[in-house]
>>> print(open('work.cif').read())   # mmCIF, C-alpha atoms
data_work
loop_
_atom_site.label_atom_id
_atom_site.label_comp_id
_atom_site.auth_asym_id
_atom_site.auth_seq_id
_atom_site.Cartn_x
_atom_site.Cartn_y
_atom_site.Cartn_z
CA MET P 1 0.00 0.00 0.00
CA GLN P 2 1.28 3.48 -0.77
CA SER P 3 2.04 5.62 2.24
CA GLY P 4 0.00 8.70 2.96
CA LEU P 5 -2.92 7.37 0.91
CA SER P 6 -5.84 9.75 1.62
CA MET P 7 -4.88 9.92 5.28
CA ASP P 8 -5.13 12.77 7.73
CA THR P 9 -2.13 13.95 9.66
CA ILE P 10 -2.42 12.52 13.16
CA TYR P 11 -0.75 13.38 16.45
CA ALA P 12 -0.65 11.99 19.98
CA VAL P 13 1.43 11.72 23.13
CA SER P 14 3.46 8.51 22.93
CA THR P 15 4.66 8.46 26.53
CA ALA P 16 2.68 7.63 29.65
CA PRO P 17 0.36 10.36 30.97
CA GLY P 18 1.36 12.41 33.99
CA ILE P 19 4.33 14.49 35.07
CA SER P 20 7.67 13.12 33.85
CA GLY P 21 11.15 14.17 32.85
CA ILE P 22 10.42 13.70 29.16
CA ALA P 23 7.22 13.47 27.13
CA VAL P 24 7.21 12.51 23.45
CA VAL P 25 4.59 13.82 21.02
CA ARG P 26 4.42 12.14 17.62
CA VAL P 27 3.00 13.57 14.40
CA SER P 28 2.49 11.42 11.28
CA GLY P 29 1.05 12.19 7.88
CA PRO P 30 1.46 14.48 4.87
CA ASP P 31 1.42 17.74 6.86
CA SER P 32 3.61 16.56 9.76
CA HIS P 33 6.69 18.57 8.77
CA VAL P 34 4.63 21.71 8.17
CA LEU P 35 3.04 21.38 11.59
CA ALA P 36 6.43 20.83 13.20
CA ALA P 37 7.82 23.92 11.50
CA ASN P 38 4.85 26.00 12.68
CA ILE P 39 5.78 25.28 16.28
CA SER P 40 9.57 24.93 16.17
CA GLY P 41 10.61 27.19 13.30
CA ARG P 42 13.52 25.84 11.26
CA LEU P 43 13.38 22.06 11.04
CA PRO P 44 16.46 19.95 11.80
CA PRO P 45 18.00 17.73 9.10
CA VAL P 46 15.95 14.57 8.60
CA ARG P 47 16.46 11.77 11.14
CA GLN P 48 18.48 14.04 13.43
CA LEU P 49 17.57 15.49 16.81
CA ALA P 50 18.04 19.21 17.29
CA LEU P 51 17.19 21.60 20.10
CA ARG P 52 14.49 24.06 19.15
CA ARG P 53 12.50 26.83 20.85
CA LEU P 54 8.80 25.97 20.64
CA THR P 55 6.23 28.75 20.43
CA ASP P 56 2.47 28.96 19.92
CA SER P 57 0.65 30.74 17.08
CA GLU P 58 1.03 34.07 18.88
CA GLY P 59 4.75 33.64 19.40
CA GLU P 60 4.48 32.82 23.12
CA PHE P 61 7.16 30.50 24.47
CA ILE P 62 6.10 26.89 25.20
CA ASP P 63 9.30 24.91 25.80
CA ARG P 64 12.83 24.21 24.62
CA ALA P 65 12.64 20.71 23.17
CA MET P 66 14.41 18.22 20.94
CA VAL P 67 12.76 17.91 17.54
CA ALA P 68 13.25 15.19 14.93
CA CYS P 69 11.83 14.77 11.42
CA PHE P 70 11.60 11.60 9.34
CA PRO P 71 10.95 11.45 5.58
CA GLU P 72 8.26 9.33 3.96
CA GLY P 73 9.38 5.71 3.74
CA ARG P 74 11.99 6.09 6.49
CA SER P 75 9.80 6.39 9.58
CA PHE P 76 7.95 4.02 11.91
CA THR P 77 4.64 4.54 10.10
CA GLY P 78 6.15 4.79 6.62
CA GLU P 79 4.78 8.32 6.35
CA ALA P 80 6.46 11.66 6.88
CA MET P 81 6.78 12.04 10.66
CA ALA P 82 7.92 14.49 13.31
CA GLU P 83 8.61 14.04 17.00
CA PHE P 84 8.81 16.52 19.86
CA HIS P 85 10.81 15.41 22.93
CA LEU P 86 9.40 17.81 25.50
CA HIS P 87 9.79 18.38 29.20
CA GLY P 88 7.06 16.25 30.75
CA SER P 89 4.86 19.03 32.09
CA ARG P 90 1.13 18.54 31.66
CA GLU P 91 0.75 22.16 30.56
CA VAL P 92 3.60 21.93 28.02
CA VAL P 93 2.11 18.80 26.47
CA LYS P 94 -1.36 20.32 26.43
CA LYS P 95 -0.14 23.47 24.66
CA VAL P 96 1.75 21.52 22.00
CA LEU P 97 -1.29 19.34 21.31
CA ARG P 98 -3.48 22.43 21.13
CA GLU P 99 -1.18 24.01 18.55
CA LEU P 100 -1.08 20.85 16.45
CA GLY P 101 -4.86 20.69 16.54
CA ARG P 102 -5.21 24.17 15.00
CA SER P 103 -4.55 22.75 11.53
CA ASP P 104 -7.63 21.67 9.58
CA GLY P 105 -5.81 18.63 8.23
CA ALA P 106 -4.67 17.30 11.59
CA ARG P 107 -6.50 15.33 14.27
CA LEU P 108 -5.78 13.39 17.44
CA ALA P 109 -4.77 9.81 16.66
CA MET P 110 -7.03 6.92 17.54
CA PRO P 111 -5.68 4.10 19.78
CA GLY P 112 -3.11 2.04 17.90
CA GLU P 113 -3.36 4.18 14.77
CA PHE P 114 0.39 4.76 14.39
CA THR P 115 1.01 0.99 14.43
CA ARG P 116 -1.93 0.39 12.11
CA ARG P 117 -0.49 2.82 9.60
CA ALA P 118 2.91 1.15 9.92
CA MET P 119 1.26 -2.15 8.98
CA GLN P 120 -0.75 -0.65 6.12
CA ASN P 121 2.40 0.92 4.72
CA GLY P 122 4.39 -2.30 4.87
CA ARG P 123 6.63 -1.39 7.80
CA LEU P 124 5.20 -4.21 9.92
CA ASP P 125 3.07 -7.22 9.20
CA LEU P 126 0.03 -8.01 11.32
CA ALA P 127 1.86 -10.54 13.50
CA GLN P 128 4.64 -8.02 14.14
CA ALA P 129 2.06 -5.40 15.12
CA GLU P 130 0.62 -7.88 17.62
CA GLY P 131 4.14 -8.54 18.90
CA LEU P 132 4.68 -4.81 19.42
CA GLY P 133 1.54 -4.68 21.55
CA ASP P 134 2.79 -7.64 23.59
CA LEU P 135 6.20 -5.99 23.97
CA ILE P 136 4.63 -2.88 25.44
CA GLN P 137 2.62 -5.01 27.89
CA ALA P 138 5.49 -7.35 28.84
CA GLU P 139 6.05 -7.68 32.59
CA THR P 140 8.45 -10.62 32.75
CA ARG P 141 11.54 -11.91 30.97
CA GLU P 142 9.74 -14.67 29.08
CA GLN P 143 6.94 -12.34 27.97
CA LEU P 144 9.60 -9.96 26.64
CA ARG P 145 11.41 -12.74 24.80
CA GLN P 146 8.22 -13.99 23.18
CA ALA P 147 7.11 -10.51 22.17
CA ALA P 148 10.57 -9.70 20.79
CA ARG P 149 10.49 -12.79 18.57
CA ALA P 150 7.11 -11.73 17.23
CA LEU P 151 8.24 -8.15 16.64
CA GLU P 152 11.34 -9.41 14.83
CA GLY P 153 9.04 -11.19 12.38
CA ALA P 154 9.51 -14.82 13.42
CA LEU P 155 6.00 -15.83 12.39
CA GLY P 156 6.15 -13.86 9.15
CA LYS P 157 9.34 -15.71 8.15
CA ARG P 158 7.71 -19.07 8.84
CA VAL P 159 4.59 -18.07 6.92
CA GLU P 160 6.74 -17.05 3.96
CA ASN P 161 8.44 -20.46 3.91
CA TRP P 162 5.09 -22.29 4.19
CA ARG P 163 3.69 -20.07 1.49
CA LYS P 164 6.55 -20.79 -0.91
CA SER P 165 6.11 -24.53 -0.41
CA LEU P 166 2.36 -24.28 -0.94
CA ILE P 167 2.71 -22.11 -4.02
CA HIS P 168 5.15 -24.61 -5.49
CA CYS P 169 2.73 -27.49 -4.86
CA ALA P 170 -0.16 -25.48 -6.24
CA SER P 171 1.83 -24.46 -9.32
CA LEU P 172 2.56 -28.11 -10.10
CA LEU P 173 -1.15 -28.93 -9.94
CA GLU P 174 -2.19 -25.84 -11.91
CA ALA P 175 0.38 -26.60 -14.58
CA SER P 176 -0.84 -30.19 -14.87
CA ILE P 177 -4.38 -28.85 -15.39
CA ASP P 178 -3.80 -25.96 -17.78
CA PHE P 179 -0.63 -26.95 -19.57
CA ALA P 180 -0.85 -30.71 -19.84
CA ASP P 181 0.83 -30.78 -23.27
CA GLU P 182 3.70 -28.49 -22.30
CA GLU P 183 7.03 -29.29 -20.68
CA VAL P 184 5.60 -30.36 -17.33
CA PRO P 185 6.58 -33.50 -15.39
CA ALA P 186 4.35 -36.42 -16.35
CA ASN P 187 3.25 -37.19 -12.80
CA VAL P 188 3.56 -34.43 -10.22
CA TYR P 189 1.28 -36.06 -7.64
CA PRO P 190 3.96 -37.88 -5.60
CA GLU P 191 5.99 -34.67 -5.22
CA VAL P 192 2.89 -32.69 -4.27
CA LEU P 193 1.72 -35.27 -1.71
CA GLU P 194 5.17 -35.42 -0.14
CA GLY P 195 5.22 -31.64 0.12
CA LEU P 196 1.74 -31.55 1.67
CA ASP P 197 2.62 -34.22 4.25
CA SER P 198 5.68 -32.23 5.31
CA LEU P 199 3.66 -29.01 5.55
CA ILE P 200 0.88 -30.64 7.56
CA LYS P 201 3.40 -31.99 10.06
CA ASP P 202 5.04 -28.57 10.44
CA LEU P 203 1.74 -26.71 10.78
CA VAL P 204 0.32 -29.16 13.33
CA SER P 205 3.43 -28.68 15.48
CA GLU P 206 3.07 -24.91 15.20
CA ALA P 207 -0.61 -24.95 16.17
CA GLU P 208 0.07 -27.15 19.19
CA GLY P 209 2.49 -24.56 20.58
CA VAL P 210 -0.10 -21.76 20.72
CA SER P 211 -1.59 -22.82 24.06
CA ALA P 212 1.84 -22.61 25.69
CA ALA P 213 2.45 -19.21 24.10
CA GLU P 214 -0.90 -17.99 25.39
CA ARG P 215 0.17 -18.98 28.89
CA VAL P 216 3.39 -17.00 28.56
CA ARG P 217 1.44 -13.91 27.56
CA GLU P 218 -1.55 -14.25 29.90
CA GLY P 219 0.20 -16.00 32.79
CA PHE P 220 -0.13 -19.31 34.62
CA GLU P 221 -2.40 -19.94 37.60
CA VAL P 222 -0.99 -21.71 40.64
CA ALA P 223 -3.45 -22.66 43.40
CA ILE P 224 -2.34 -23.34 46.96
CA VAL P 225 -4.64 -26.08 48.24
CA GLY P 226 -4.95 -27.78 51.60
CA PRO P 227 -6.99 -28.24 54.76
CA PRO P 228 -7.62 -25.37 57.19
CA ASN P 229 -4.58 -24.11 59.13
CA SER P 230 -2.09 -25.73 56.76
CA GLY P 231 -0.20 -22.47 56.19
CA LYS P 232 -1.63 -21.57 52.76
CA SER P 233 -2.13 -17.87 53.47
CA THR P 234 1.21 -17.61 55.27
CA LEU P 235 2.94 -19.14 52.25
CA LEU P 236 1.15 -16.75 49.89
CA ASN P 237 2.26 -13.79 52.00
CA PHE P 238 5.87 -15.00 51.99
CA LEU P 239 5.84 -15.43 48.20
CA ALA P 240 4.23 -12.02 47.71
CA GLY P 241 6.55 -10.31 50.18
CA ARG P 242 3.59 -8.59 51.82
CA GLU P 243 0.47 -9.27 53.86
CA ALA P 244 -1.82 -10.15 50.96
CA ALA P 245 -3.95 -12.56 53.01
CA ILE P 246 -5.20 -12.54 56.60
CA THR P 247 -3.69 -15.27 58.74
CA SER P 248 -4.79 -16.61 62.12
CA GLU P 249 -4.78 -19.79 64.17
CA PHE P 250 -8.52 -20.19 63.65
CA ALA P 251 -9.76 -22.59 60.97
CA GLY P 252 -11.82 -21.11 58.13
CA THR P 253 -10.17 -17.67 58.11
CA THR P 254 -9.86 -17.66 54.30
CA ARG P 255 -13.33 -17.83 52.80
CA ASP P 256 -12.72 -16.39 49.36
CA ILE P 257 -9.97 -16.71 46.77
CA ILE P 258 -7.07 -14.28 47.15
CA GLU P 259 -4.94 -13.63 44.07
CA VAL P 260 -1.39 -12.29 43.82
CA ARG P 261 0.32 -11.61 40.49
CA MET P 262 4.00 -12.62 40.51
CA ASP P 263 7.07 -13.18 38.36
CA ILE P 264 8.34 -16.74 38.87
CA GLY P 265 11.51 -17.59 36.99
CA GLY P 266 10.69 -15.02 34.31
CA PHE P 267 7.16 -16.33 33.80
CA PRO P 268 4.00 -14.44 34.79
CA ALA P 269 1.92 -16.28 37.37
CA THR P 270 -1.11 -15.66 39.55
CA ILE P 271 -0.85 -17.40 42.92
CA LEU P 272 -4.23 -18.33 44.42
CA ASP P 273 -4.84 -18.74 48.15
CA THR P 274 -7.97 -20.85 48.57
CA ALA P 275 -10.29 -21.71 51.43
CA GLY P 276 -9.29 -24.70 53.53
CA MET P 277 -10.73 -27.95 52.20
CA ARG P 278 -13.02 -29.54 54.81
CA GLU P 279 -16.61 -30.43 55.50
CA THR P 280 -18.32 -27.56 57.30
CA GLY P 281 -21.77 -26.66 58.56
CA ASP P 282 -21.11 -22.94 58.05
CA PRO P 283 -22.88 -22.03 54.78
CA ILE P 284 -20.55 -19.08 54.09
CA GLU P 285 -17.41 -21.14 54.62
CA GLY P 286 -19.03 -23.91 52.56
CA MET P 287 -19.38 -21.52 49.63
CA GLY P 288 -15.71 -20.65 49.98
CA VAL P 289 -14.70 -24.32 49.97
CA GLU P 290 -16.78 -24.97 46.84
CA ARG P 291 -15.27 -21.96 45.09
CA ALA P 292 -11.82 -23.17 46.08
CA ARG P 293 -12.44 -26.61 44.58
CA ASN P 294 -13.80 -25.15 41.33
CA ARG P 295 -10.99 -22.63 40.89
CA ALA P 296 -8.27 -25.10 41.85
CA SER P 297 -9.62 -27.59 39.31
CA LYS P 298 -8.95 -25.00 36.57
CA ALA P 299 -5.51 -23.91 37.77
CA ASP P 300 -2.44 -24.92 35.78
CA ILE P 301 -0.58 -26.17 38.85
CA ARG P 302 -1.82 -26.99 42.36
CA ILE P 303 0.41 -26.96 45.44
CA PHE P 304 -1.06 -29.35 48.00
CA LEU P 305 -0.11 -28.57 51.60
CA THR P 306 -0.77 -31.34 54.12
CA GLU P 307 0.63 -32.37 57.48
CA THR P 308 1.47 -35.83 56.17
CA GLY P 309 2.80 -34.88 52.74
CA ARG P 310 0.11 -37.03 51.11
CA ILE P 311 -3.04 -36.14 49.17
CA GLU P 312 -6.23 -36.28 51.20
CA SER P 313 -9.57 -37.36 49.74
CA LYS P 314 -11.26 -34.02 50.48
CA MET P 315 -8.96 -32.20 48.09
CA VAL P 316 -9.25 -31.87 44.30
CA ASP P 317 -7.93 -34.58 41.99
CA PHE P 318 -4.15 -34.73 41.56
CA ARG P 319 -2.76 -34.04 38.07
CA ASP P 320 0.63 -34.30 36.42
CA GLY P 321 2.73 -31.29 37.40
CA ASP P 322 0.97 -30.76 40.74
CA MET P 323 3.12 -30.70 43.87
CA VAL P 324 2.51 -32.20 47.31
CA LEU P 325 4.42 -30.68 50.22
CA ARG P 326 4.42 -31.12 53.96
CA CYS P 327 3.12 -27.92 55.51
CA LYS P 328 4.75 -25.94 58.35
CA ALA P 329 8.23 -27.31 57.70
CA ASP P 330 9.56 -25.04 60.47
CA LEU P 331 8.03 -27.47 62.96
CA TYR P 332 9.81 -30.45 61.39
CA PRO P 333 13.55 -29.78 61.04
CA GLY P 334 15.18 -31.56 58.10
CA CYS P 335 12.10 -31.84 55.88
CA SER P 336 12.78 -28.78 53.69
CA GLU P 337 13.17 -31.04 50.64
CA ASP P 338 9.56 -32.20 50.76
CA GLY P 339 8.16 -29.48 52.99
CA VAL P 340 7.63 -25.74 53.02
CA SER P 341 7.10 -23.02 55.57
CA GLY P 342 5.74 -19.59 54.85
CA LYS P 343 6.68 -18.56 58.37
CA THR P 344 10.45 -19.09 58.07
CA GLY P 345 10.84 -19.53 54.33
CA ALA P 346 12.12 -23.09 54.66
CA GLY P 347 11.70 -24.93 51.36
CA VAL P 348 10.34 -21.87 49.53
CA ASP P 349 13.35 -21.49 47.20
CA ASN P 350 13.04 -25.14 46.24
CA LEU P 351 9.30 -24.70 45.62
CA VAL P 352 9.84 -21.65 43.41
CA HIS P 353 12.49 -23.53 41.43
CA ARG P 354 10.13 -26.48 40.93
CA ILE P 355 7.32 -24.19 39.75
CA ALA P 356 9.64 -22.37 37.31
CA SER P 357 10.93 -25.71 35.98
CA GLU P 358 7.34 -26.85 35.40
CA PHE P 359 6.61 -23.61 33.52
CA GLU P 360 9.69 -24.15 31.36
CA LYS P 361 8.61 -27.69 30.56
CA ARG P 362 5.12 -26.59 29.61
CA THR P 363 6.38 -23.83 27.32
CA SER P 364 9.05 -25.87 25.56
CA SER P 365 6.69 -26.31 22.60
CA VAL P 366 6.28 -22.55 22.03
CA ALA P 367 7.09 -21.71 18.43
CA SER P 368 6.26 -18.57 16.42
CA ALA P 369 2.45 -18.54 16.56
CA THR P 370 1.35 -17.02 19.84
CA ARG P 371 -2.38 -16.27 19.65
CA ILE P 372 -5.65 -18.14 19.32
CA ARG P 373 -6.19 -16.17 16.10
CA HIS P 374 -3.00 -17.71 14.74
CA GLN P 375 -4.07 -21.17 15.83
CA ILE P 376 -7.46 -20.87 14.12
CA ALA P 377 -5.88 -19.69 10.85
CA ILE P 378 -3.29 -22.48 10.92
CA GLU P 379 -5.95 -25.10 11.65
CA LYS P 380 -7.98 -23.84 8.69
CA ALA P 381 -4.89 -24.15 6.51
CA ILE P 382 -4.32 -27.70 7.80
CA ALA P 383 -7.93 -28.67 7.06
CA SER P 384 -7.56 -27.40 3.50
CA LEU P 385 -4.35 -29.38 3.08
CA TYR P 386 -6.03 -32.58 4.27
CA SER P 387 -8.84 -31.98 1.77
CA ALA P 388 -6.37 -31.28 -1.01
CA ARG P 389 -4.51 -34.49 -0.25
CA GLU P 390 -7.72 -36.53 -0.44
CA GLU P 391 -8.76 -34.89 -3.72
CA ILE P 392 -5.39 -35.70 -5.31
CA ARG P 393 -5.69 -39.33 -4.28
CA LYS P 394 -9.07 -39.57 -6.05
CA GLY P 395 -7.44 -39.06 -9.45
CA ASP P 396 -7.07 -36.62 -12.33
CA GLU P 397 -10.71 -35.59 -12.40
CA ARG P 398 -10.41 -34.07 -8.87
CA VAL P 399 -7.15 -32.16 -9.34
CA GLU P 400 -8.93 -28.84 -9.86
CA PHE P 401 -10.64 -29.26 -6.49
CA ALA P 402 -7.27 -30.02 -4.89
CA ALA P 403 -5.76 -26.87 -6.41
CA ASP P 404 -8.64 -24.82 -5.03
CA GLU P 405 -8.04 -26.28 -1.54
CA LEU P 406 -4.38 -25.25 -1.77
CA ARG P 407 -5.41 -21.71 -2.64
CA SER P 408 -7.69 -21.71 0.41
CA SER P 409 -4.78 -22.86 2.55
CA ILE P 410 -2.59 -20.05 1.21
CA ARG P 411 -5.30 -17.49 2.02
CA SER P 412 -5.54 -18.83 5.58
CA LEU P 413 -1.79 -18.44 6.06
CA ASP P 414 -1.85 -14.98 4.49
CA SER P 415 -4.34 -13.90 7.16
CA LEU P 416 -1.64 -14.51 9.79
CA THR P 417 0.40 -11.59 8.54
CA GLY P 418 -2.39 -9.51 6.99
CA ARG P 419 -1.46 -10.20 3.37
CA ILE P 420 -4.15 -11.61 1.06
CA ASP P 421 -2.65 -11.98 -2.41
CA THR P 422 -2.97 -14.51 -5.28
CA GLU P 423 -0.56 -13.01 -7.82
CA HIS P 424 2.40 -15.00 -6.47
CA LEU P 425 0.72 -18.22 -7.57
CA LEU P 426 0.56 -17.06 -11.21
CA ASP P 427 4.16 -15.81 -11.03
CA GLU P 428 5.30 -19.25 -9.90
CA ILE P 429 3.44 -21.01 -12.73
CA PHE P 430 4.90 -18.86 -15.49
CA SER P 431 8.46 -18.67 -14.16
CA SER P 432 9.15 -22.14 -12.82
CA PHE P 433 8.12 -24.05 -15.91
CA CYS P 434 9.21 -21.53 -18.56
CA LEU P 435 5.86 -21.92 -20.26
CA GLY P 436 6.09 -18.66 -22.14
CA LYS P 437 2.35 -18.12 -22.26
#
>>> encode(input="work.cif", output="structure tokens")
Amino acid sequence: MQSGLSMDTIYAVSTAPGISGIAVVRVSGPDSHVLAANISGRLPPVRQLALRRLTDSEGEFIDRAMVACFPEGRSFTGEAMAEFHLHGSREVVKKVLRELGRSDGARLAMPGEFTRRAMQNGRLDLAQAEGLGDLIQAETREQLRQAARALEGALGKRVENWRKSLIHCASLLEASIDFADEEVPANVYPEVLEGLDSLIKDLVSEAEGVSAAERVREGFEVAIVGPPNSGKSTLLNFLAGREAAITSEFAGTTRDIIEVRMDIGGFPATILDTAGMRETGDPIEGMGVERARNRASKADIRIFLTETGRIESKMVDFRDGDMVLRCKADLYPGCSEDGVSGKTGAGVDNLVHRIASEFEKRTSSVASATRIRHQIAIEKAIASLYSAREEIRKGDERVEFAADELRSSIRSLDSLTGRIDTEHLLDEIFSSFCLGK
């Protein structure tokens, strides 16, 4: 898409709201340099920062700020852009925005509009734009790593490879249909089927990794489960480093689920303190116990705290990856390997290491696709490939249907990066086989 195509000039503050040392105001669009010159006077050389005296339309001083200009095709959005690096005063920012808004061709940007324009102008693909959003939201090391891979175009590169393989397979089928008497291999079906089998295997593996990637972005849930007075709330408080939950020697103190967001080994996690599991005649506590069972059943990992170090029948079902620890390890010297104490911290480091190791194991299958949207598109592509394979096996009379299924698969993959295009298929047909048509 051509940059600046019937688009307004937009502007917005790119830094967080509030008082700060520096605030950055961005302007993008055909009139961005004119607007920058109206406020700062002489513009600096393109892609260079220069100190300028900013004034309003009446010549009144606003700020001394660093100004930068970027030419069309060499900016984040792909359009002509300007940036003001201001002192982070609310009044300074407000005055600059007011001056920019005086132009009839300029307006305040909508949420995400700079990134959207970057994608429309070919500076980013759709998956990279999603990665940029994840990068901004990243709170932990693993979230940052995953977002960085997406922003660097990891998925786009994989899509391009899949696309090339699919186009090659499709071109073989199309050539066998339309140019049967030309210089085309007599039987292309074995090569096509081999290519489809390889693609299906690769795409299935990619789709299976999305759930793990979703967990990295959204976070794992870890429920602390056990009978009353087993030290669940004390352990939560120790992990959180603050008094997140009320603790007492009386059974049934925790009646609702308490959540604490944490970084464990670079992974985001929400630790849940649940009501003590027991039979009770108190209807309010009973509701808490039922909620605890339901929430714990949905958690990714459960930490079972018991006095014996064994699962008790009143608790939720044990699953692979769950952990059973002896509670109140401070009362039993020497059991820190299979016990934990939120009071003294005994066994906590070992517990955190075990949780982080479990997270690492569960995310080992993470590839380039990171969202449910990606998974759905890949699964659609896989379904089309299965259909194409079956059509090919039915014989010559079904080859056209197989070719159409391959085109559907290509369109599904194109939706991953925001590119929907069929011209590459025709290019492959006419160039690969030198048909000269």
>>> closest_atom_pairs(input="work.cif", of="range 114-156 of chain P", to="range 369-392 of chain P", cutoff="10 Å", atoms="all atoms listed in the file", output="Markdown table")
| residue | atom | partner | partner_atom | distance |
| --- | --- | --- | --- | --- |
| P:Ala127 | CA | P:Ala369 | CA | 8.6 |
| P:Glu130 | CA | P:Arg371 | CA | 9.1 |
| P:Gly131 | CA | P:Thr370 | CA | 9.0 |
| P:Gln146 | CA | P:Thr370 | CA | 8.2 |
| P:Ala147 | CA | P:Thr370 | CA | 9.0 |
| P:Ala150 | CA | P:Thr370 | CA | 8.2 |
| P:Ala154 | CA | P:Ala369 | CA | 8.6 |
| P:Leu155 | CA | P:Ala369 | CA | 6.1 |
| P:Gly156 | CA | P:Ala369 | CA | 9.5 |
>>> resolve_selection(input="work.cif", expression="the PyMOL selection byres ((chain P and resi 101-108) around 7)", output="ChimeraX atom specification")
/P:8-12,97-100,109-110
>>> resolve_selection(input="work.cif", expression="the PyMOL selection byres ((chain P and resi 81) around 8)", output="mmCIF file with C-alpha atoms, in the coordinates of the input")
data_model
loop_
_atom_site.group_PDB
_atom_site.id
_atom_site.type_symbol
_atom_site.label_atom_id
_atom_site.label_comp_id
_atom_site.auth_asym_id
_atom_site.auth_seq_id
_atom_site.Cartn_x
_atom_site.Cartn_y
_atom_site.Cartn_z
ATOM 1 C CA ARG P 26 4.420 12.140 17.620
ATOM 2 C CA VAL P 27 3.000 13.570 14.400
ATOM 3 C CA SER P 28 2.490 11.420 11.280
ATOM 4 C CA GLY P 29 1.050 12.190 7.880
ATOM 5 C CA SER P 32 3.610 16.560 9.760
ATOM 6 C CA HIS P 33 6.690 18.570 8.770
ATOM 7 C CA CYS P 69 11.830 14.770 11.420
ATOM 8 C CA PHE P 70 11.600 11.600 9.340
ATOM 9 C CA PRO P 71 10.950 11.450 5.580
ATOM 10 C CA GLU P 72 8.260 9.330 3.960
ATOM 11 C CA SER P 75 9.800 6.390 9.580
ATOM 12 C CA THR P 77 4.640 4.540 10.100
ATOM 13 C CA GLU P 79 4.780 8.320 6.350
ATOM 14 C CA ALA P 80 6.460 11.660 6.880
ATOM 15 C CA ALA P 82 7.920 14.490 13.310
ATOM 16 C CA GLU P 83 8.610 14.040 17.000
#
>>> resolve_selection(input="work.cif", expression="the PyMOL selection byres ((chain P and resi 173) around 9)", output="ChimeraX atom specification")
/P:168-172,174-178,188-189,192,399-400,402-403
>>> atom_distance(input="work.cif", atom1="CA of Ala138 in chain P", atom2="CA of Asn350 in chain P")
26.0 Å
>>> residues_around(input="work.cif", residues="Arg53 in chain P", least_positions_apart="3", cutoff="7 Å", atoms="only C-alpha atoms", output="list of chain:residue names")
P:Ser40, P:Asp63, P:Arg64, P:Ala65
>>> closest_residue(input="work.cif", among="P:Arg302, P:Arg141, P:Arg291, P:Lys94", to="Ile271 in chain P", atoms="all atoms listed in the file")
P:Arg302
>>> closest_residue(input="work.cif", among="P:Asp396, P:Asp31, P:Glu221, P:Glu139", to="Asp300 in chain P", atoms="all atoms listed in the file")
P:Glu221
>>> residues_near_point(input="work.cif", point="(10.3, -7.9, 21.4)", cutoff="10 Å", atoms="only C-alpha atoms", output="list in words")
Gln128, Gly131, Leu132, Gly133, Asp134, Leu135, Ile136, Ala138, Gln143, Leu144, Arg145, Gln146, Ala147, Ala148, Arg149, Ala150, Leu151, Glu152 and Gly153 of chain P
>>> atom_distance(input="work.cif", atom1="CA of Glu360 in chain P", atom2="CA of Leu413 in chain P")
28.4 Å
>>> residues_around(input="work.cif", residues="Gly18 in chain P", least_positions_apart="6", cutoff="10 Å", atoms="only C-alpha atoms", output="list in words")
Gly88, Ser89, Arg90 and Val93 of chain P
>>> write_last_selection(input="work.cif", atoms="C-alpha atoms", output="PDB file, keeping the file's coordinate frame")
ATOM      1  CA  GLY P  88       7.060  16.250  30.750  1.00  0.00           C
ATOM      2  CA  SER P  89       4.860  19.030  32.090  1.00  0.00           C
ATOM      3  CA  ARG P  90       1.130  18.540  31.660  1.00  0.00           C
ATOM      4  CA  VAL P  93       2.110  18.800  26.470  1.00  0.00           C
TER       5      VAL P  93
END
>>> closest_residue(input="work.cif", among="P:Ser198, P:Ser165, P:Thr55, P:Asn121", to="Ile410 in chain P", atoms="all atoms listed in the file")
P:Ser165
>>> atom_distance(input="work.cif", atom1="CA of Arg123 in chain P", atom2="CA of Pro44 in chain P")
23.8 Å
>>> residues_around(input="work.cif", residues="range 259-261 of chain P", least_positions_apart="3", cutoff="12 Å", atoms="all atoms listed in the file", output="JSON, numbers by chain")
{"P": [139, 140, 218, 219, 220, 221, 222, 223, 224, 233, 235, 236, 237, 238, 239, 240, 241, 242, 243, 244, 245, 256, 264, 267, 268, 269, 270, 271, 272, 273, 274, 292, 295]}
>>> decode(input="work.cif", residues="range 73-79 of chain P", atoms="N, CA and C atoms", output="short mmCIF file (atom, residue, chain, number, x, y, z; two decimals), in the first residue's frame")
data_model
loop_
_atom_site.label_atom_id
_atom_site.label_comp_id
_atom_site.auth_asym_id
_atom_site.auth_seq_id
_atom_site.Cartn_x
_atom_site.Cartn_y
_atom_site.Cartn_z
N GLY P 73 8.67 6.94 4.05
CA GLY P 73 9.38 5.71 3.74
C GLY P 73 10.52 5.39 4.69
N ARG P 74 10.86 6.31 5.58
CA ARG P 74 11.99 6.09 6.49
C ARG P 74 11.58 6.32 7.95
N SER P 75 10.30 6.16 8.23
CA SER P 75 9.80 6.39 9.58
C SER P 75 9.08 5.14 10.08
N PHE P 76 8.66 5.16 11.34
CA PHE P 76 7.95 4.02 11.91
C PHE P 76 6.67 3.72 11.15
N THR P 77 5.91 4.75 10.79
CA THR P 77 4.64 4.54 10.10
C THR P 77 4.80 4.39 8.59
N GLY P 78 5.96 4.76 8.07
CA GLY P 78 6.15 4.79 6.62
C GLY P 78 5.75 6.11 6.01
N GLU P 79 5.17 6.99 6.81
CA GLU P 79 4.78 8.32 6.35
C GLU P 79 5.82 9.35 6.81
#
